[in-house]
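Participant: See run.cif below, with mmCIF, C-alpha atoms.
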data_data
loop_
_atom_site.label_atom_id
_atom_site.label_comp_id
_atom_site.auth_asym_id
_atom_site.auth_seq_id
_atom_site.Cartn_x
_atom_site.Cartn_y
_atom_site.Cartn_z
CA MET A 1 -44.96 -142.23 -49.36
CA PRO A 2 -41.75 -144.39 -49.61
CA ILE A 3 -41.44 -146.28 -52.90
CA GLU A 4 -39.13 -149.24 -53.48
CA SER A 5 -38.33 -151.22 -56.62
CA SER A 6 -36.64 -154.61 -57.05
CA GLN A 7 -35.45 -156.84 -59.91
CA PRO A 8 -34.79 -160.62 -60.11
CA THR A 9 -31.55 -161.71 -58.43
CA TYR A 10 -31.01 -164.84 -60.53
CA ASP A 11 -29.82 -165.66 -64.06
CA ARG A 12 -33.03 -166.33 -65.94
CA SER A 13 -31.19 -168.24 -68.70
CA LEU A 14 -30.52 -171.02 -66.17
CA LEU A 15 -34.21 -171.63 -65.42
CA THR A 16 -35.97 -174.80 -66.52
CA PRO A 17 -39.73 -175.40 -66.28
CA GLY A 18 -40.89 -177.65 -63.45
CA ILE A 19 -44.36 -176.21 -62.79
CA LEU A 20 -47.37 -175.89 -65.06
CA HIS A 21 -49.95 -173.42 -63.84
CA VAL A 22 -53.52 -173.51 -65.16
CA GLY A 23 -55.25 -170.13 -64.91
CA THR A 24 -52.54 -167.48 -65.14
CA GLY A 25 -54.64 -164.61 -63.80
CA ALA A 26 -53.85 -161.77 -61.44
CA PHE A 27 -54.06 -163.83 -58.24
CA HIS A 28 -51.57 -166.44 -59.43
CA ARG A 29 -49.14 -163.76 -60.58
CA ALA A 30 -49.38 -161.95 -57.23
CA HIS A 31 -49.21 -165.13 -55.13
CA GLN A 32 -47.80 -168.50 -56.24
CA ALA A 33 -45.59 -166.99 -58.95
CA VAL A 34 -44.07 -164.57 -56.40
CA TYR A 35 -43.24 -167.38 -53.95
CA THR A 36 -41.66 -169.29 -56.84
CA ASP A 37 -39.74 -166.21 -57.97
CA SER A 38 -38.21 -166.00 -54.48
CA LEU A 39 -36.80 -169.54 -54.58
CA LEU A 40 -35.42 -169.63 -58.14
CA LYS A 41 -32.03 -168.20 -57.15
CA GLU A 42 -31.43 -171.30 -55.01
CA ASP A 43 -33.23 -173.82 -57.23
CA PRO A 44 -33.70 -172.87 -60.92
CA ARG A 45 -35.59 -176.11 -61.74
CA TRP A 46 -38.99 -174.63 -60.90
CA GLY A 47 -39.72 -172.16 -63.66
CA ILE A 48 -43.42 -171.81 -64.46
CA VAL A 49 -45.22 -172.51 -67.72
CA GLY A 50 -48.53 -170.69 -67.45
CA SER A 51 -51.71 -171.45 -69.30
CA SER A 52 -55.06 -169.88 -70.05
CA LEU A 53 -58.10 -171.89 -71.06
CA ARG A 54 -59.64 -169.37 -73.46
CA SER A 55 -58.39 -165.79 -73.67
CA THR A 56 -55.20 -165.09 -75.64
CA ARG A 57 -54.83 -161.49 -74.48
CA LEU A 58 -52.69 -162.04 -71.38
CA ALA A 59 -50.43 -164.52 -73.18
CA GLU A 60 -49.83 -161.98 -75.92
CA GLN A 61 -49.19 -159.15 -73.44
CA LEU A 62 -46.76 -161.21 -71.39
CA LYS A 63 -44.95 -162.51 -74.47
CA ALA A 64 -44.41 -158.92 -75.66
CA ARG A 65 -42.59 -158.22 -72.38
CA GLY A 66 -40.53 -161.42 -72.37
CA TYR A 67 -42.91 -162.84 -69.73
CA LEU A 68 -41.71 -160.29 -67.17
CA TYR A 69 -44.37 -158.42 -65.22
CA THR A 70 -44.67 -156.09 -62.24
CA VAL A 71 -46.27 -156.68 -58.84
CA GLU A 72 -47.18 -153.48 -57.04
CA THR A 73 -47.56 -153.99 -53.30
CA ARG A 74 -49.27 -151.15 -51.50
CA SER A 75 -50.55 -150.03 -48.14
CA GLN A 76 -51.58 -146.64 -46.78
CA TYR A 77 -47.96 -146.07 -45.76
CA GLU A 78 -45.70 -147.48 -48.47
CA LYS A 79 -45.57 -148.81 -52.00
CA SER A 80 -43.15 -151.17 -53.75
CA TYR A 81 -42.68 -152.53 -57.26
CA ARG A 82 -41.21 -155.96 -57.99
CA THR A 83 -40.34 -157.39 -61.38
CA VAL A 84 -41.27 -161.08 -61.38
CA ALA A 85 -39.50 -163.43 -63.81
CA SER A 86 -40.69 -166.90 -62.76
CA VAL A 87 -43.18 -167.29 -65.65
CA LEU A 88 -41.33 -168.57 -68.73
CA ASP A 89 -44.21 -169.09 -71.15
CA VAL A 90 -48.01 -168.96 -71.35
CA ILE A 91 -50.02 -171.42 -73.45
CA THR A 92 -53.60 -170.68 -74.47
CA ALA A 93 -55.73 -173.82 -74.66
CA SER A 94 -58.16 -172.40 -77.19
CA THR A 95 -55.37 -171.97 -79.78
CA GLU A 96 -52.64 -174.38 -78.58
CA ARG A 97 -54.55 -177.20 -76.95
CA ASP A 98 -52.21 -179.99 -78.06
CA ARG A 99 -49.14 -178.13 -76.81
CA LEU A 100 -50.82 -177.68 -73.41
CA ILE A 101 -51.71 -181.39 -73.24
CA ASP A 102 -48.11 -182.21 -74.22
CA THR A 103 -46.84 -179.99 -71.43
CA ILE A 104 -48.96 -181.85 -68.86
CA ALA A 105 -47.36 -185.05 -70.17
CA ASP A 106 -43.81 -183.63 -70.07
CA PRO A 107 -41.78 -185.54 -67.42
CA GLU A 108 -39.95 -182.33 -66.49
CA ILE A 109 -43.25 -180.97 -65.14
CA ARG A 110 -43.52 -182.33 -61.60
CA VAL A 111 -46.19 -180.03 -60.19
CA ILE A 112 -49.36 -178.59 -61.72
CA THR A 113 -50.96 -175.70 -59.84
CA LEU A 114 -54.48 -174.41 -60.45
CA THR A 115 -56.37 -171.14 -60.04
CA ILE A 116 -59.42 -171.69 -62.23
CA THR A 117 -62.07 -170.30 -59.81
CA GLU A 118 -64.80 -172.45 -58.30
CA LYS A 119 -66.78 -172.43 -61.54
CA GLY A 120 -63.83 -173.93 -63.44
CA TYR A 121 -64.06 -177.22 -61.56
CA CYS A 122 -67.46 -178.03 -63.11
CA ALA A 123 -68.45 -179.61 -59.80
CA THR A 124 -71.88 -180.08 -58.25
CA SER A 125 -72.65 -178.77 -54.77
CA ALA A 126 -71.79 -182.27 -53.51
CA GLY A 127 -68.34 -182.05 -55.11
CA ASP A 128 -68.91 -184.51 -57.98
CA LEU A 129 -68.26 -183.75 -61.64
CA ASP A 130 -71.40 -182.12 -63.05
CA LEU A 131 -72.22 -184.47 -65.90
CA SER A 132 -75.18 -182.30 -66.94
CA LEU A 133 -72.97 -179.43 -68.17
CA THR A 134 -72.72 -179.08 -71.95
CA ASP A 135 -68.93 -178.61 -71.93
CA VAL A 136 -68.43 -181.66 -69.69
CA LYS A 137 -70.61 -183.77 -71.99
CA HIS A 138 -68.55 -182.57 -74.96
CA ASP A 139 -65.26 -183.52 -73.29
CA ILE A 140 -66.43 -187.00 -72.32
CA GLU A 141 -67.64 -187.63 -75.87
CA HIS A 142 -64.53 -186.01 -77.41
CA PRO A 143 -61.69 -186.69 -74.92
CA HIS A 144 -59.04 -185.69 -77.47
CA GLU A 145 -60.63 -182.28 -78.03
CA PRO A 146 -61.27 -181.07 -74.46
CA ILE A 147 -62.33 -177.55 -73.52
CA THR A 148 -62.82 -177.78 -69.74
CA ALA A 149 -59.99 -177.79 -67.20
CA ALA A 150 -60.92 -181.33 -66.12
CA GLY A 151 -60.97 -182.56 -69.72
CA ILE A 152 -57.62 -180.96 -70.54
CA LEU A 153 -55.98 -182.30 -67.38
CA ALA A 154 -57.36 -185.79 -68.05
CA ALA A 155 -56.09 -185.70 -71.63
CA GLY A 156 -52.63 -184.66 -70.43
CA LEU A 157 -52.55 -187.32 -67.72
CA ALA A 158 -53.64 -189.97 -70.23
CA ARG A 159 -50.77 -188.96 -72.52
CA ARG A 160 -48.39 -189.00 -69.54
CA MET A 161 -49.61 -192.50 -68.65
CA VAL A 162 -48.90 -193.79 -72.16
CA ARG A 163 -45.48 -192.16 -72.54
CA HIS A 164 -43.87 -192.76 -69.12
CA ASN A 165 -44.58 -193.35 -65.47
CA GLU A 166 -43.32 -190.12 -63.95
CA LYS A 167 -45.36 -189.10 -60.93
CA LEU A 168 -47.15 -185.76 -60.69
CA THR A 169 -48.69 -183.50 -58.05
CA VAL A 170 -51.83 -181.52 -58.89
CA LEU A 171 -52.15 -178.65 -56.41
CA SER A 172 -55.30 -176.54 -56.31
CA CYS A 173 -54.75 -172.96 -55.14
CA ASP A 174 -58.34 -171.81 -55.41
CA ASN A 175 -60.36 -170.37 -52.54
CA LEU A 176 -62.37 -173.57 -52.23
CA SER A 177 -62.84 -175.77 -49.17
CA ALA A 178 -60.92 -179.05 -49.43
CA ASN A 179 -59.79 -177.92 -52.88
CA GLY A 180 -57.43 -180.88 -53.38
CA LYS A 181 -60.23 -183.34 -52.70
CA VAL A 182 -62.52 -181.46 -55.11
CA ILE A 183 -60.10 -181.61 -58.06
CA GLU A 184 -59.29 -185.26 -57.28
CA LYS A 185 -62.99 -186.21 -57.28
CA VAL A 186 -63.73 -184.24 -60.45
CA LEU A 187 -60.80 -185.80 -62.33
CA THR A 188 -61.63 -189.29 -61.06
CA ASP A 189 -65.26 -188.91 -62.16
CA PHE A 190 -64.10 -187.70 -65.56
CA ALA A 191 -61.65 -190.59 -65.98
CA GLU A 192 -64.30 -193.15 -65.01
CA ALA A 193 -66.63 -191.72 -67.66
CA ALA A 194 -64.10 -191.20 -70.46
CA ASN A 195 -61.04 -193.38 -69.79
CA PRO A 196 -61.43 -195.91 -66.92
CA GLN A 197 -57.83 -197.13 -67.33
CA LEU A 198 -56.63 -193.68 -66.26
CA THR A 199 -58.33 -193.99 -62.86
CA GLY A 200 -56.02 -196.73 -61.61
CA TRP A 201 -52.95 -195.00 -63.00
CA MET A 202 -53.84 -191.76 -61.17
CA ASN A 203 -54.24 -193.65 -57.89
CA ASP A 204 -50.61 -194.79 -58.16
CA HIS A 205 -48.97 -191.76 -59.80
CA VAL A 206 -50.84 -188.54 -58.93
CA THR A 207 -51.49 -186.80 -55.62
CA PHE A 208 -53.85 -183.91 -54.92
CA PRO A 209 -52.78 -181.90 -51.85
CA CYS A 210 -55.11 -179.31 -50.38
CA SER A 211 -53.89 -175.76 -49.92
CA MET A 212 -55.06 -172.51 -48.40
CA VAL A 213 -54.20 -169.20 -50.05
CA ASP A 214 -54.74 -165.65 -48.84
CA ARG A 215 -53.88 -162.31 -50.38
CA ILE A 216 -56.09 -159.44 -51.50
CA VAL A 217 -55.49 -158.81 -55.22
CA PRO A 218 -57.97 -156.28 -56.64
CA MET A 219 -58.58 -155.82 -60.34
CA THR A 220 -55.88 -153.67 -61.94
CA THR A 221 -57.24 -150.42 -63.38
CA ASP A 222 -55.98 -148.12 -66.14
CA ALA A 223 -55.27 -145.59 -63.40
CA ASP A 224 -53.02 -148.16 -61.65
CA ILE A 225 -51.06 -148.73 -64.87
CA LYS A 226 -50.64 -145.00 -65.47
CA ALA A 227 -49.52 -144.37 -61.90
CA ALA A 228 -46.95 -147.18 -62.14
CA TYR A 229 -45.67 -145.72 -65.43
CA SER A 230 -44.84 -142.43 -63.68
CA VAL A 231 -42.61 -144.38 -61.26
CA LEU A 232 -41.17 -147.14 -63.45
CA GLY A 233 -40.73 -145.18 -66.66
CA TYR A 234 -42.45 -147.82 -68.77
CA GLU A 235 -46.01 -149.07 -69.20
CA ASP A 236 -46.80 -152.57 -68.00
CA PRO A 237 -50.30 -153.72 -69.05
CA THR A 238 -49.72 -156.95 -67.08
CA LEU A 239 -49.24 -155.12 -63.77
CA VAL A 240 -50.89 -156.70 -60.73
CA VAL A 241 -51.69 -154.89 -57.49
CA ALA A 242 -51.70 -156.58 -54.07
CA GLU A 243 -51.72 -155.93 -50.34
CA PRO A 244 -48.51 -156.60 -48.34
CA PHE A 245 -49.97 -159.67 -46.57
CA SER A 246 -49.60 -163.09 -48.20
CA GLN A 247 -50.21 -166.59 -46.85
CA TRP A 248 -49.90 -170.04 -48.38
CA VAL A 249 -50.47 -173.24 -46.39
CA ILE A 250 -49.91 -176.49 -48.30
CA GLU A 251 -50.67 -180.09 -47.36
CA ASP A 252 -47.41 -182.05 -47.45
CA HIS A 253 -48.67 -184.71 -49.83
CA PHE A 254 -46.55 -184.60 -52.98
CA ALA A 255 -46.13 -187.47 -55.42
CA GLY A 256 -42.45 -186.68 -55.94
CA ASP A 257 -40.11 -183.71 -55.87
CA ARG A 258 -41.56 -180.51 -54.42
CA PRO A 259 -40.49 -176.85 -54.60
CA ALA A 260 -38.97 -175.42 -51.41
CA TRP A 261 -41.79 -172.91 -51.05
CA ASP A 262 -41.46 -173.30 -47.27
CA SER A 263 -38.03 -171.64 -47.49
CA VAL A 264 -39.64 -168.45 -48.83
CA GLY A 265 -42.64 -168.03 -46.56
CA ALA A 266 -45.14 -170.80 -47.37
CA GLU A 267 -45.95 -173.56 -44.86
CA TYR A 268 -46.05 -177.31 -45.40
CA VAL A 269 -48.40 -178.96 -42.91
CA ALA A 270 -49.95 -182.36 -42.29
CA SER A 271 -53.49 -180.97 -42.61
CA VAL A 272 -54.74 -177.70 -44.06
CA GLU A 273 -58.20 -178.09 -42.51
CA PRO A 274 -57.65 -176.15 -39.23
CA TYR A 275 -56.06 -173.26 -41.15
CA GLU A 276 -58.93 -173.25 -43.61
CA HIS A 277 -61.56 -173.28 -40.86
CA THR A 278 -59.80 -170.43 -39.07
CA LYS A 279 -59.64 -168.31 -42.21
CA LEU A 280 -63.28 -168.98 -43.12
CA ARG A 281 -64.70 -168.30 -39.66
CA VAL A 282 -62.49 -165.32 -38.76
CA LEU A 283 -61.34 -163.52 -41.91
CA ASN A 284 -64.12 -164.46 -44.31
CA ALA A 285 -66.90 -164.21 -41.72
CA SER A 286 -65.81 -160.73 -40.65
CA HIS A 287 -65.45 -159.74 -44.32
CA SER A 288 -69.09 -160.71 -44.95
CA ALA A 289 -70.26 -159.00 -41.77
CA LEU A 290 -68.48 -155.77 -42.78
CA ALA A 291 -70.01 -156.00 -46.26
CA TYR A 292 -73.64 -156.37 -45.15
CA PHE A 293 -73.42 -153.99 -42.17
CA GLY A 294 -71.53 -151.56 -44.42
CA LEU A 295 -74.07 -151.72 -47.24
CA LEU A 296 -76.88 -150.98 -44.81
CA GLN A 297 -74.97 -147.88 -43.69
CA GLY A 298 -74.30 -146.76 -47.26
CA TYR A 299 -70.59 -147.60 -47.44
CA THR A 300 -69.04 -148.43 -50.82
CA TYR A 301 -65.79 -149.94 -49.52
CA ILE A 302 -64.80 -152.38 -46.77
CA HIS A 303 -62.17 -149.97 -45.40
CA GLU A 304 -64.94 -147.42 -44.83
CA ALA A 305 -67.08 -149.94 -42.95
CA VAL A 306 -64.26 -151.14 -40.68
CA LYS A 307 -63.48 -147.55 -39.66
CA ASP A 308 -67.09 -147.03 -38.54
CA GLN A 309 -66.70 -147.69 -34.80
CA SER A 310 -70.22 -149.03 -34.31
CA ILE A 311 -69.70 -151.60 -37.09
CA ARG A 312 -66.18 -152.43 -35.93
CA ARG A 313 -67.37 -153.07 -32.37
CA GLU A 314 -70.05 -155.42 -33.72
CA VAL A 315 -67.52 -157.38 -35.80
CA GLU A 316 -65.00 -157.55 -32.96
CA ALA A 317 -67.75 -158.86 -30.66
CA LEU A 318 -68.72 -161.46 -33.27
CA LEU A 319 -65.15 -162.77 -33.33
CA GLU A 320 -64.29 -162.50 -29.64
CA ARG A 321 -67.59 -163.64 -28.11
CA GLU A 322 -68.97 -166.09 -30.65
CA VAL A 323 -66.41 -167.33 -33.19
CA ILE A 324 -63.14 -167.76 -31.27
CA PRO A 325 -64.59 -169.55 -28.19
CA VAL A 326 -65.79 -172.48 -30.33
CA LEU A 327 -62.97 -172.44 -32.90
CA GLU A 328 -60.18 -175.02 -32.99
CA PRO A 329 -57.25 -173.16 -34.59
CA PRO A 330 -53.98 -174.84 -35.63
CA PRO A 331 -51.52 -175.74 -32.83
CA ARG A 332 -49.51 -172.79 -31.43
CA PHE A 333 -51.59 -170.38 -33.55
CA ASP A 334 -52.02 -166.84 -32.16
CA ILE A 335 -55.73 -166.53 -32.84
CA HIS A 336 -56.14 -163.12 -31.16
CA GLY A 337 -53.15 -161.72 -33.05
CA TYR A 338 -54.64 -163.14 -36.25
CA LYS A 339 -57.96 -161.41 -35.51
CA GLU A 340 -56.22 -158.06 -35.08
CA SER A 341 -54.18 -158.53 -38.27
CA VAL A 342 -57.37 -159.29 -40.24
CA LEU A 343 -59.07 -156.06 -39.18
CA LYS A 344 -55.90 -154.09 -39.86
CA ARG A 345 -55.74 -155.53 -43.37
CA PHE A 346 -59.33 -154.49 -43.99
CA GLU A 347 -58.40 -150.90 -43.08
CA ASN A 348 -56.01 -150.71 -46.05
CA SER A 349 -57.61 -148.04 -48.25
CA ALA A 350 -54.76 -148.38 -50.76
CA VAL A 351 -56.26 -151.72 -51.83
CA PRO A 352 -59.99 -150.88 -51.95
CA TYR A 353 -62.50 -153.73 -51.77
CA ARG A 354 -66.14 -152.97 -52.61
CA THR A 355 -68.76 -154.01 -50.08
CA GLN A 356 -70.95 -155.00 -53.05
CA GLN A 357 -68.26 -157.37 -54.32
CA VAL A 358 -67.83 -159.07 -50.93
CA ALA A 359 -71.62 -159.31 -50.51
CA THR A 360 -72.01 -161.23 -53.78
CA ASP A 361 -73.17 -164.87 -53.50
CA GLY A 362 -73.87 -164.58 -49.77
CA SER A 363 -76.25 -167.53 -49.87
CA LYS A 364 -73.24 -169.71 -50.74
CA LYS A 365 -70.57 -167.90 -48.72
CA LEU A 366 -72.45 -167.68 -45.42
CA VAL A 367 -72.90 -171.46 -45.40
CA GLN A 368 -69.13 -171.78 -44.92
CA ARG A 369 -68.44 -168.55 -43.04
CA ILE A 370 -71.24 -168.20 -40.47
CA LEU A 371 -73.25 -171.43 -40.19
CA PRO A 372 -70.35 -173.53 -38.76
CA THR A 373 -70.09 -171.09 -35.84
CA LEU A 374 -73.86 -171.27 -35.27
CA ALA A 375 -73.72 -175.08 -35.35
CA ALA A 376 -70.74 -175.30 -32.98
CA ARG A 377 -72.35 -172.93 -30.48
CA LYS A 378 -75.69 -174.72 -30.68
CA ALA A 379 -73.91 -177.99 -29.87
CA HIS A 380 -72.70 -176.33 -26.65
CA GLY A 381 -76.12 -174.88 -25.86
CA LEU A 382 -75.00 -171.33 -26.71
CA ASP A 383 -76.88 -168.58 -28.52
CA SER A 384 -75.31 -166.61 -31.41
CA PRO A 385 -77.05 -163.22 -31.56
CA ILE A 386 -74.36 -161.42 -33.60
CA ALA A 387 -73.88 -164.24 -36.11
CA CYS A 388 -77.67 -164.25 -36.53
CA LYS A 389 -77.53 -160.49 -37.06
CA VAL A 390 -75.10 -161.03 -39.98
CA ILE A 391 -77.62 -163.36 -41.62
CA ALA A 392 -80.39 -160.85 -40.95
CA ALA A 393 -78.27 -158.10 -42.52
CA TRP A 394 -77.71 -160.26 -45.62
CA LYS A 395 -81.46 -160.88 -45.90
CA THR A 396 -82.24 -157.19 -45.42
CA CYS A 397 -79.72 -156.23 -48.11
CA LEU A 398 -81.31 -158.71 -50.52
CA GLU A 399 -84.74 -157.18 -49.94
CA ASP A 400 -83.56 -153.55 -50.26
CA PRO A 401 -84.20 -152.31 -53.85
CA ASP A 402 -81.42 -149.71 -53.46
CA ILE A 403 -78.77 -152.35 -52.71
CA GLN A 404 -77.67 -154.40 -55.72
CA PHE A 405 -75.47 -157.50 -55.78
CA ASP A 406 -75.68 -160.94 -57.37
CA ASP A 407 -76.94 -163.85 -55.32
CA PRO A 408 -78.51 -167.10 -56.57
#
Can I see the file as structure tokens?

Facilitator:
Amino acid sequence: MPIESSQPTYDRSLLTPGILHVGTGAFHRAHQAVYTDSLLKEDPRWGIVGSSLRSTRLAEQLKARGYLYTVETRSQYEKSYRTVASVLDVITASTERDRLIDTIADPEIRVITLTITEKGYCATSAGDLDLSLTDVKHDIEHPHEPITAAGILAAGLARRMVRHNEKLTVLSCDNLSANGKVIEKVLTDFAEAANPQLTGWMNDHVTFPCSMVDRIVPMTTDADIKAAYSVLGYEDPTLVVAEPFSQWVIEDHFAGDRPAWDSVGAEYVASVEPYEHTKLRVLNASHSALAYFGLLQGYTYIHEAVKDQSIRREVEALLEREVIPVLEPPPRFDIHGYKESVLKRFENSAVPYRTQQVATDGSKKLVQRILPTLAARKAHGLDSPIACKVIAAWKTCLEDPDIQFDDP
């Protein structure tokens, strides 16, 4: 198997921080931080200050390595290692809360990106701030001692409002429908409850673009770290593993200066919605179908299920006969090529994805992945036998005592 290795091509001493990222986990380091790493040679003003809300472990590990880390990209056919240098610092909110709030207020920070998972937004199913949560109640009552992401962001924005009037873009990069609208609503609800003056200031100074992200980034194992050591000659506990494919579509709605991510592979568009719908109804729907059909056939991994020809034919029929005919993809989008690329990605055994993991929370996921296709076809008087079969497979898996996965 061919193995390649690459190092940064820019002078790191010239970098200045322009981005604060909240939630410096594996996905961010394999996705947004890599795009940023690619543009820093041309524009060194966009170094990243990372942050973690609670755990200090990653910050300590990255600091020990000068905030350099390795991204291992792998497929069945090749493997590459890239040293990423775009992260300049990592702040842990649980131990350095005031420094994190100060960083949000820093006028040099023009963009804040987020990967805090759906749970981190503290939102209700309707998208409002969940005022019943204990941590949210604490932050509203103690706005200068916040512990939630919303509370910390609000505290930083309030400090920014008092100190200067520099505009700011808050960009969610979580796998969440209309993610920009969700974080805007949550922060607005928080401000109205804790600091009403901040609401008006945000309307004039802060924007919340939506974005769509896509890259498979499995959990790094000890075996991954040991295997990388045999190639690199040093141990990197902050190693992240990813598939070759990466996509980032960003709504062009920035309050001020923006990084030239579009020069290194990302896309700026007027609306993310058609891209998001396409991903949910093609990639995510087929992922769920493979998970439930695969579990019923005893498969542990998605790449095993997609290589089962009877399952693959079922999923291909779902996409070709039921999903694509009622889908409205983005303009000039090769939907059939996209379908083929999705199934090819799922074949990648070098980045294994457990069927059990994909099956988790199906009662929430299928609402976005399968039901829109059912609704669109019903509106045209069309049946959806294969989409219904996916729902039946989910229900059967839930009722099978030998199949275990979490679902509310």

Participant: Go through A:Ser125, A:Thr221, A:Thr207, A:Gln197 and flag the residue nearest Lys167 of chain A, using all atoms listed in the file for the distances.

Facilitator: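 Ranking A:Ser125, A:Thr221, A:Thr207, A:Gln197 by distance to Lys167 of chain A, first place goes to A:Thr207.
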
Participant: From the list A:Val90, A:Ile386, A:Leu68, A:Leu100, which residue is nearest Thr56 of chain A when using all atoms listed in the file?

Facilitator: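 Looking at the shortest contact to Thr56 of chain A, the residue is A:Val90.
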
Participant: Enumerate, as a list in words, the residues matched when the PyMOL selection byres ((chain A and resi 178-188) around 7) is run on the file above.

Facilitator: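 For this structure, the PyMOL selection byres ((chain A and resi 178-188) around 7) captures Tyr121, Ala123, Gly127, Asp128, Leu129, Ala150, Ala154, Leu171, Ser172, Asp174, Leu176, Ser177, Asp189, Phe190, Ala191, Glu192, Thr199, Phe208, Pro209, Cys210 and Ser211 of chain A.
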
Participant: Could you work out how far atom CA of Ile19 of chain A lies from atom CA of Thr113 of chain A, giving the answer in Å with one decimal?

Facilitator: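 Straight-line distance from atom CA of Thr113 of chain A to atom CA of Ile19 of chain A works out to 7.2 Å.
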
Participant: Select, counting all atoms listed in the file, all protein, DNA and RNA residues no farther than 10 Å from (-78.3, -163.5, -43.8) in file coordinates, and express the selection as a list in words.

Facilitator: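 Collected hits near the coordinates: Ser288, Ala289, Tyr292, Gly362, Ser363, Leu366, Val367, Ile370, Ala387, Cys388, Lys389, Val390, Ile391, Ala392, Ala393, Trp394, Lys395, Thr396, Cys397 and Leu398 of chain A.
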
Participant: Determine the nearest neighbour of Tyr67 of chain A from the options A:Leu295, A:Val136, A:Ala30, A:Leu88, counting only C-alpha atoms.

Facilitator: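 Looking only at the distances to Tyr67 of chain A, the closest residue turns out to be A:Leu88.
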
Participant: Translate the PyMOL selection byres ((chain A and resi 57) around 12), as applied to the file shown, into an explicit residue set as a VMD selection string.

Facilitator: chain A and resid 24 to 25 51 to 56 58 to 64 90 to 92 94 to 95 237 to 238

Participant: What is the atom CA of Gly151 of chain A-atom CA of Trp46 of chain A distance in Å, reported with one decimal?

Facilitator: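 Atom CA of Trp46 of chain A lies at a distance of 25.0 Å from atom CA of Gly151 of chain A.
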
Participant: Any chance you could work out the residue set of the PyMOL selection byres ((chain A and resi 7-13) around 7) here, as a PDB file with C-alpha atoms, in the frame of the given file?

Facilitator:
ATOM      1  CA  SER A   6     -36.640-154.610 -57.050  1.00  0.00           C
ATOM      2  CA  LEU A  14     -30.520-171.020 -66.170  1.00  0.00           C
ATOM      3  CA  LEU A  15     -34.210-171.630 -65.420  1.00  0.00           C
ATOM      4  CA  LEU A  40     -35.420-169.630 -58.140  1.00  0.00           C
ATOM      5  CA  LYS A  41     -32.030-168.200 -57.150  1.00  0.00           C
ATOM      6  CA  ARG A  82     -41.210-155.960 -57.990  1.00  0.00           C
ATOM      7  CA  THR A  83     -40.340-157.390 -61.380  1.00  0.00           C
ATOM      8  CA  VAL A  84     -41.270-161.080 -61.380  1.00  0.00           C
ATOM      9  CA  ALA A  85     -39.500-163.430 -63.810  1.00  0.00           C
TER      10      ALA A  85
END

Participant: Give the answer as one residue: which of A:Val217, A:Val269, A:Ala285, A:Ala155 has the shortest atom-to-atom distance to Pro352 of chain A, using only C-alpha atoms?

Facilitator: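 Checking each candidate against Pro352 of chain A, we get A:Val217 as the closest.
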
Participant: Could you name the residues that touch Ala291 of chain A at 8 Å or less, counting only C-alpha atoms, but leaving out those on the same chain fewer than 3 positions away, as a list in words?

Facilitator: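 The residues satisfying every condition are His287, Ser288, Gly294, Leu295, Ile302, Ala305, Thr355, Gln356, Val358 and Ala359 of chain A.
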
Participant: Atom CA of Glu340 of chain A and atom CA of Thr117 of chain A, how far apart in Å?

Facilitator: 28.2 Å

Participant: Please list as a short mmCIF file (atom, residue, chain, number, x, y, z; two decimals) with C-alpha atoms, in the frame of the given file every residue within 12 Å of Phe245 of chain A, counting all atoms listed in the file and excluding residues in the same chain fewer than 4 positions away.

Facilitator:
data_model
loop_
_atom_site.label_atom_id
_atom_site.label_comp_id
_atom_site.auth_asym_id
_atom_site.auth_seq_id
_atom_site.Cartn_x
_atom_site.Cartn_y
_atom_site.Cartn_z
CA ALA A 30 -49.38 -161.95 -57.23
CA HIS A 31 -49.21 -165.13 -55.13
CA THR A 73 -47.56 -153.99 -53.30
CA ARG A 74 -49.27 -151.15 -51.50
CA SER A 75 -50.55 -150.03 -48.14
CA VAL A 213 -54.20 -169.20 -50.05
CA ASP A 214 -54.74 -165.65 -48.84
CA ARG A 215 -53.88 -162.31 -50.38
CA ILE A 216 -56.09 -159.44 -51.50
CA VAL A 217 -55.49 -158.81 -55.22
CA GLY A 265 -42.64 -168.03 -46.56
CA TYR A 338 -54.64 -163.14 -36.25
CA SER A 341 -54.18 -158.53 -38.27
CA VAL A 342 -57.37 -159.29 -40.24
CA LYS A 344 -55.90 -154.09 -39.86
CA ARG A 345 -55.74 -155.53 -43.37
CA PHE A 346 -59.33 -154.49 -43.99
CA ASN A 348 -56.01 -150.71 -46.05
CA VAL A 351 -56.26 -151.72 -51.83
#

Participant: For a cut-off of 12 Å around (-55.8, -181.4, -77.7), file coordinates, pick out all residues using only C-alpha atoms and list them as JSON, numbers by chain.

Facilitator: {"A": [53, 92, 93, 94, 95, 96, 97, 98, 99, 100, 101, 102, 103, 104, 105, 139, 142, 143, 144, 145, 146, 147, 148, 149, 151, 152, 153, 154, 155, 156, 158, 159]}
